[in-house]
Amino acid sequence: MTSALLTIQNLTVRFGGLVALDDVSLDIAPRSIQAVIGPNGAGKSTLINVATGIYGATSGRVGFDGARIDGRAPHAISRLGIARTFQNTELFGEMSALENVMIGADRHMCGSYLSSAMHGPAYWRTEQAIRAEARRLLELVGLGNDTDVEAAALPFGKQRRLEIARALATRPRLLLLDEPAAGLRSAEIDELNSILLDLRANLGLTILVIDHVMALVMAISDHITVLNFGRKIAEGSPQEVRSSPEVIKAYLGEKAAHASHS
Amino acid sequence: MTVRLLFGAAVLVIFFAAPHFLAEFQLFQVCLIAATALVVLGIVVVTGIAGQISLAQAAFVGLGGYGPAILAARYGVPVWAGIMITAVVVGAVGYALGQLTLRVSGHYLALATMAFTAIVQLAFIHSDAVTGGAVGMQMPTLEISGKTFASGGTLYYVVLPVVGVLFLAVHNLIHSPVGRAFAAIRQSETAAAAMGIDVLAHKSAAFAASGFLGAIGGGLLGLLSTCLDPSQFGITQAVYYLAVAVVGGMQFPLGAIVGSAVFVLVPEFLQAFQTYLGLVFALLLLVFIVLRPNGLVSLASDLLRVVGGKQQRGAA
């Protein structure tokens, strides 16, 4: 896959003696929905954190659209077109839902300090545009009625969707979702699934989902990578991964792996 | 839009009417409140909005006073030009100080900025040849195209417009992408960076703004007090400015004005307790930190919410 949007090559990340990722390689094709799954501590979040510049790589490389991005600052990576959500939600709690999304959109229309201080006509035009864009994105994720609610006051499921709307406001080409389904009810997961499928269909977005909730990733992923203890143990279509004895062993234990074969 | 025009017109009417109703000394106090508010506005930007604790404000104020005084004494630069030049330079110093935030944050940042204030004060005291040392130096009189501005009554027409314009600019800045980025950094640096915000550049910009505002405020305060005393630009004063911001309301430009009014006027009412003034201020600060961390201004906005009815916001 030479035309992959995101390429991770032989990535190893060590924190002191702990090996969080061990020689992991992974390609994400444009307009695909891919998943990385694995039990807790498998290194899934580390993968996203390296790809978005929060952690550095010990060895290996991360490439995005042909350019090497590992080691770059998080804001620089964001501006290249990679957006993310956070496992434990990192919203701007004191701001309204709308303002949260506006911050994502600001980078694209940000005027100078001078025009910001003067509030001239150009400022009002861009401010209106940012506001309209934010409102549209909130509607897209089903938060059209919550625009003025403080982010911290939203129920958890809505906070997750707000994070997605905020990430989309940066106009990414690649969206990284860190456990978007954790703590969601199954009806909410179905809703999330349809939102993600819509995003790919309408915006041509490439999506990488990291999760251990199978219901989400099995239903929408084209391709799944399974990590366990920082190593890649399986890869393929949802069907292939589901029947892989290695995966069953990692998830359900040795016994279950034998049972599934008999 | 009409509301804005009416508000602007009302402000202008009050501005031109006030000198006819207030005594010379009261005008001086109004100027003092305005100049102090400008200094505290710097803290509102850097600490209240951007979330970076700074005890550097007293140093910025000191530099803002000494700068034009030295430029005038040594090179004959007009005071108004000296104040502007100094403010730009101090803004740059603030930017450099902001770069510190790459390495330190929270309490350590407070300590580092406090050290900055201590160093600047020591420099004032020990550079006798330039600053007059511990005795201090005279602030030259403001002269613009032949007119001198020496009294509260005349400085009023300089101080208030300058402070007014800068408050307007900061208000606008807060309600713009720049201000939103500052607030985002305060609430989550990680998320702010993930949104493409250059966190370090914005923190430095916030420090630069606080330096610029502090220096202009310091220049104006110098004009009002006519002399520069290095003991006025130490750590105690840095804490004083922070206290003004806390009591007024750290997150609102209006809080800087309200807090300054309280801290300038309270000593007038407590003439008899002059010795215990420090205690009064300390108690005030403690009470607000415990009971009203968002300051007096938040009291007003809460009242408005109660009066305005409950339909404003549904259950969360």
# chains A, B, ... in the order shown; residues from 1 in each chain; ligands from 1
>>> interface_residues(of="chain A", to="chain B", cutoff="6 Å", atoms="only C-alpha atoms", output="short mmCIF file (atom, residue, chain, number, x, y, z; two decimals) with N, CA and C atoms, in the first residue's frame")
data_model
loop_
_atom_site.label_atom_id
_atom_site.label_comp_id
_atom_site.auth_asym_id
_atom_site.auth_seq_id
_atom_site.Cartn_x
_atom_site.Cartn_y
_atom_site.Cartn_z
N PRO A 74 2.28 18.89 18.46
CA PRO A 74 0.86 18.55 18.27
C PRO A 74 0.09 19.55 17.40
N HIS A 75 0.33 20.86 17.63
CA HIS A 75 -0.46 21.82 16.86
C HIS A 75 -0.08 21.79 15.38
N SER A 78 -1.85 18.84 13.88
CA SER A 78 -3.26 19.17 13.70
C SER A 78 -3.48 19.97 12.43
N ARG A 79 -2.57 20.91 12.19
CA ARG A 79 -2.74 21.77 11.01
C ARG A 79 -2.48 21.03 9.71
N GLU A 90 -11.46 15.62 26.56
CA GLU A 90 -10.68 16.81 26.95
C GLU A 90 -11.38 18.03 26.39
N PHE A 92 -13.28 21.83 26.50
CA PHE A 92 -13.10 23.08 27.22
C PHE A 92 -14.35 23.27 28.05
N GLY A 104 -12.12 24.87 17.21
CA GLY A 104 -11.57 24.01 16.16
C GLY A 104 -11.55 24.71 14.81
N ASP A 106 -11.47 28.00 14.29
CA ASP A 106 -10.75 29.28 14.29
C ASP A 106 -9.49 29.28 13.43
N SER A 116 -8.45 41.36 15.25
CA SER A 116 -9.15 40.82 16.42
C SER A 116 -9.41 41.91 17.44
N ALA A 117 -8.47 42.84 17.56
CA ALA A 117 -8.61 43.90 18.56
C ALA A 117 -9.53 45.01 18.07
N ALA A 153 -21.46 20.41 31.38
CA ALA A 153 -22.79 20.06 31.86
C ALA A 153 -23.49 19.04 30.95
#
>>> select_by_dssp(residues="stretch 24-209 of chain A", states="strand (DSSP E)", output="PyMOL selection string")
chain A and resi 24-28+33-37+59-64+67-68+82-84+174-178+206-209
>>> residues_around(residues="stretch 20-36 of chain A", least_positions_apart="6", cutoff="6 Å", atoms="only C-alpha atoms", output="number ranges by chain")
A: 4-14, 43, 204-210, 221-226, 230-231
>>> residues_around(residues="A:Tyr55", least_positions_apart="4", cutoff="8 Å", atoms="only C-alpha atoms", output="JSON, numbers by chain")
{"A": [46, 49, 50, 71]}
>>> write_last_selection(atoms="N, CA and C atoms", output="compact mmCIF listing (two decimals), in the first residue's frame")
# COMPACT_ATOMS: atom_id res chain seq x y z
N THR A 46 -1.29 4.83 23.05
CA THR A 46 0.07 5.28 22.75
C THR A 46 0.23 5.52 21.26
N ASN A 49 -1.28 8.76 20.46
CA ASN A 49 -0.51 9.85 21.05
C ASN A 49 0.79 10.12 20.30
N VAL A 50 1.36 9.09 19.73
CA VAL A 50 2.56 9.30 18.91
C VAL A 50 2.17 9.95 17.58
N GLY A 71 7.56 13.31 16.01
CA GLY A 71 8.45 14.31 16.58
C GLY A 71 8.01 15.74 16.33
>>> atom_distance(atom1="atom CA of B:Ile70", atom2="atom CA of B:Val158")
21.0 Å
>>> residues_around(residues="B:Ser210", least_positions_apart="5", cutoff="9 Å", atoms="only C-alpha atoms", output="PyMOL selection string")
chain B and resi 39-46+56-57+60+91+94+205+215
>>> closest_residue(among="A:Glu127, A:His212, A:Ile164, A:Ala182", to="A:Leu143", atoms="only C-alpha atoms")
A:Ile164
>>> closest_residue(among="B:Ala69, B:Ala115, B:Ala272, B:Leu285", to="B:Gly234", atoms="only C-alpha atoms")
B:Ala115
>>> closest_residue(among="A:Glu179, A:Asp65, A:Glu246, A:Glu150", to="A:Met214", atoms="only C-alpha atoms")
A:Glu179
>>> decode(residues="stretch 175-224 of chain B", atoms="N, CA and C atoms", output="compact mmCIF listing (two decimals), in the first residue's frame")
# COMPACT_ATOMS: atom_id res chain seq x y z
N HIS B 175 -13.01 38.49 22.83
CA HIS B 175 -14.11 37.91 22.06
C HIS B 175 -13.70 37.72 20.60
N SER B 176 -12.57 37.08 20.41
CA SER B 176 -12.08 36.82 19.06
C SER B 176 -11.37 35.47 19.11
N PRO B 177 -10.97 34.95 17.95
CA PRO B 177 -10.24 33.68 17.98
C PRO B 177 -9.04 33.69 18.92
N VAL B 178 -8.37 34.84 19.04
CA VAL B 178 -7.21 34.91 19.93
C VAL B 178 -7.63 34.68 21.37
N GLY B 179 -8.68 35.38 21.80
CA GLY B 179 -9.16 35.24 23.16
C GLY B 179 -9.67 33.82 23.43
N ARG B 180 -10.34 33.25 22.44
CA ARG B 180 -10.82 31.88 22.61
C ARG B 180 -9.65 30.92 22.76
N ALA B 181 -8.59 31.18 22.02
CA ALA B 181 -7.41 30.31 22.14
C ALA B 181 -6.80 30.42 23.53
N PHE B 182 -6.73 31.65 24.08
CA PHE B 182 -6.22 31.84 25.44
C PHE B 182 -7.06 31.02 26.42
N ALA B 183 -8.37 31.16 26.32
CA ALA B 183 -9.27 30.46 27.24
C ALA B 183 -9.16 28.94 27.08
N ALA B 184 -8.96 28.51 25.84
CA ALA B 184 -8.82 27.08 25.58
C ALA B 184 -7.57 26.54 26.27
N ILE B 185 -6.49 27.32 26.19
CA ILE B 185 -5.23 26.91 26.83
C ILE B 185 -5.41 26.80 28.33
N ARG B 186 -6.17 27.74 28.92
CA ARG B 186 -6.41 27.69 30.35
C ARG B 186 -7.13 26.40 30.73
N GLN B 187 -8.05 25.96 29.89
CA GLN B 187 -8.91 24.83 30.27
C GLN B 187 -8.32 23.48 29.92
N SER B 188 -7.59 23.38 28.84
CA SER B 188 -6.90 22.14 28.51
C SER B 188 -5.83 22.40 27.47
N GLU B 189 -4.58 22.39 27.91
CA GLU B 189 -3.49 22.63 26.96
C GLU B 189 -3.42 21.54 25.91
N THR B 190 -3.64 20.29 26.35
CA THR B 190 -3.56 19.16 25.42
C THR B 190 -4.58 19.32 24.31
N ALA B 191 -5.83 19.62 24.70
CA ALA B 191 -6.88 19.75 23.70
C ALA B 191 -6.63 20.97 22.82
N ALA B 192 -6.14 22.06 23.44
CA ALA B 192 -5.86 23.26 22.65
C ALA B 192 -4.85 22.95 21.55
N ALA B 193 -3.79 22.24 21.91
CA ALA B 193 -2.77 21.89 20.91
C ALA B 193 -3.36 20.99 19.84
N ALA B 194 -4.24 20.07 20.24
CA ALA B 194 -4.86 19.17 19.27
C ALA B 194 -5.78 19.92 18.31
N MET B 195 -6.21 21.12 18.71
CA MET B 195 -7.04 21.94 17.83
C MET B 195 -6.19 22.82 16.92
N GLY B 196 -4.88 22.62 16.97
CA GLY B 196 -3.99 23.40 16.11
C GLY B 196 -3.52 24.71 16.71
N ILE B 197 -3.80 24.92 18.00
CA ILE B 197 -3.36 26.16 18.66
C ILE B 197 -1.90 26.01 19.09
N ASP B 198 -1.07 26.97 18.67
CA ASP B 198 0.33 26.97 19.10
C ASP B 198 0.36 27.48 20.54
N VAL B 199 0.39 26.55 21.48
CA VAL B 199 0.22 26.89 22.90
C VAL B 199 1.29 27.86 23.38
N LEU B 200 2.55 27.57 23.08
CA LEU B 200 3.64 28.40 23.57
C LEU B 200 3.56 29.82 23.01
N ALA B 201 3.26 29.92 21.72
CA ALA B 201 3.18 31.25 21.09
C ALA B 201 2.05 32.06 21.72
N HIS B 202 0.93 31.40 22.00
CA HIS B 202 -0.19 32.13 22.59
C HIS B 202 0.08 32.54 24.04
N LYS B 203 0.73 31.64 24.79
CA LYS B 203 1.08 32.01 26.17
C LYS B 203 2.02 33.21 26.15
N SER B 204 3.00 33.18 25.25
CA SER B 204 3.94 34.29 25.16
C SER B 204 3.23 35.57 24.77
N ALA B 205 2.26 35.44 23.85
CA ALA B 205 1.52 36.62 23.43
C ALA B 205 0.74 37.19 24.61
N ALA B 206 0.18 36.31 25.44
CA ALA B 206 -0.57 36.77 26.61
C ALA B 206 0.37 37.51 27.56
N PHE B 207 1.57 36.98 27.76
CA PHE B 207 2.55 37.67 28.60
C PHE B 207 2.98 39.00 27.99
N ALA B 208 3.12 39.01 26.66
CA ALA B 208 3.48 40.26 25.99
C ALA B 208 2.40 41.31 26.22
N ALA B 209 1.14 40.88 26.10
CA ALA B 209 0.03 41.82 26.32
C ALA B 209 0.05 42.33 27.75
N SER B 210 0.31 41.44 28.71
CA SER B 210 0.32 41.89 30.11
C SER B 210 1.48 42.84 30.34
N GLY B 211 2.61 42.61 29.68
CA GLY B 211 3.75 43.52 29.79
C GLY B 211 3.44 44.89 29.21
N PHE B 212 2.83 44.87 28.02
CA PHE B 212 2.49 46.13 27.34
C PHE B 212 1.52 46.95 28.19
N LEU B 213 0.44 46.28 28.66
CA LEU B 213 -0.58 46.97 29.45
C LEU B 213 0.00 47.45 30.78
N GLY B 214 0.82 46.61 31.42
CA GLY B 214 1.44 46.97 32.68
C GLY B 214 2.35 48.18 32.51
N ALA B 215 3.08 48.23 31.39
CA ALA B 215 4.02 49.32 31.16
C ALA B 215 3.29 50.64 30.90
N ILE B 216 2.24 50.58 30.08
CA ILE B 216 1.46 51.81 29.85
C ILE B 216 0.86 52.27 31.17
N GLY B 217 0.29 51.30 31.91
CA GLY B 217 -0.29 51.63 33.23
C GLY B 217 0.77 52.22 34.14
N GLY B 218 1.97 51.65 34.10
CA GLY B 218 3.06 52.15 34.94
C GLY B 218 3.46 53.56 34.55
N GLY B 219 3.48 53.84 33.25
CA GLY B 219 3.79 55.19 32.77
C GLY B 219 2.76 56.19 33.28
N LEU B 220 1.48 55.81 33.18
CA LEU B 220 0.41 56.70 33.62
C LEU B 220 0.47 56.90 35.14
N LEU B 221 0.71 55.81 35.87
CA LEU B 221 0.82 55.92 37.33
C LEU B 221 1.98 56.84 37.71
N GLY B 222 3.07 56.73 36.94
CA GLY B 222 4.23 57.59 37.18
C GLY B 222 3.86 59.06 36.99
N LEU B 223 3.11 59.35 35.91
CA LEU B 223 2.68 60.73 35.67
C LEU B 223 1.83 61.24 36.82
N LEU B 224 1.00 60.36 37.37
CA LEU B 224 0.09 60.76 38.44
C LEU B 224 0.84 61.01 39.76
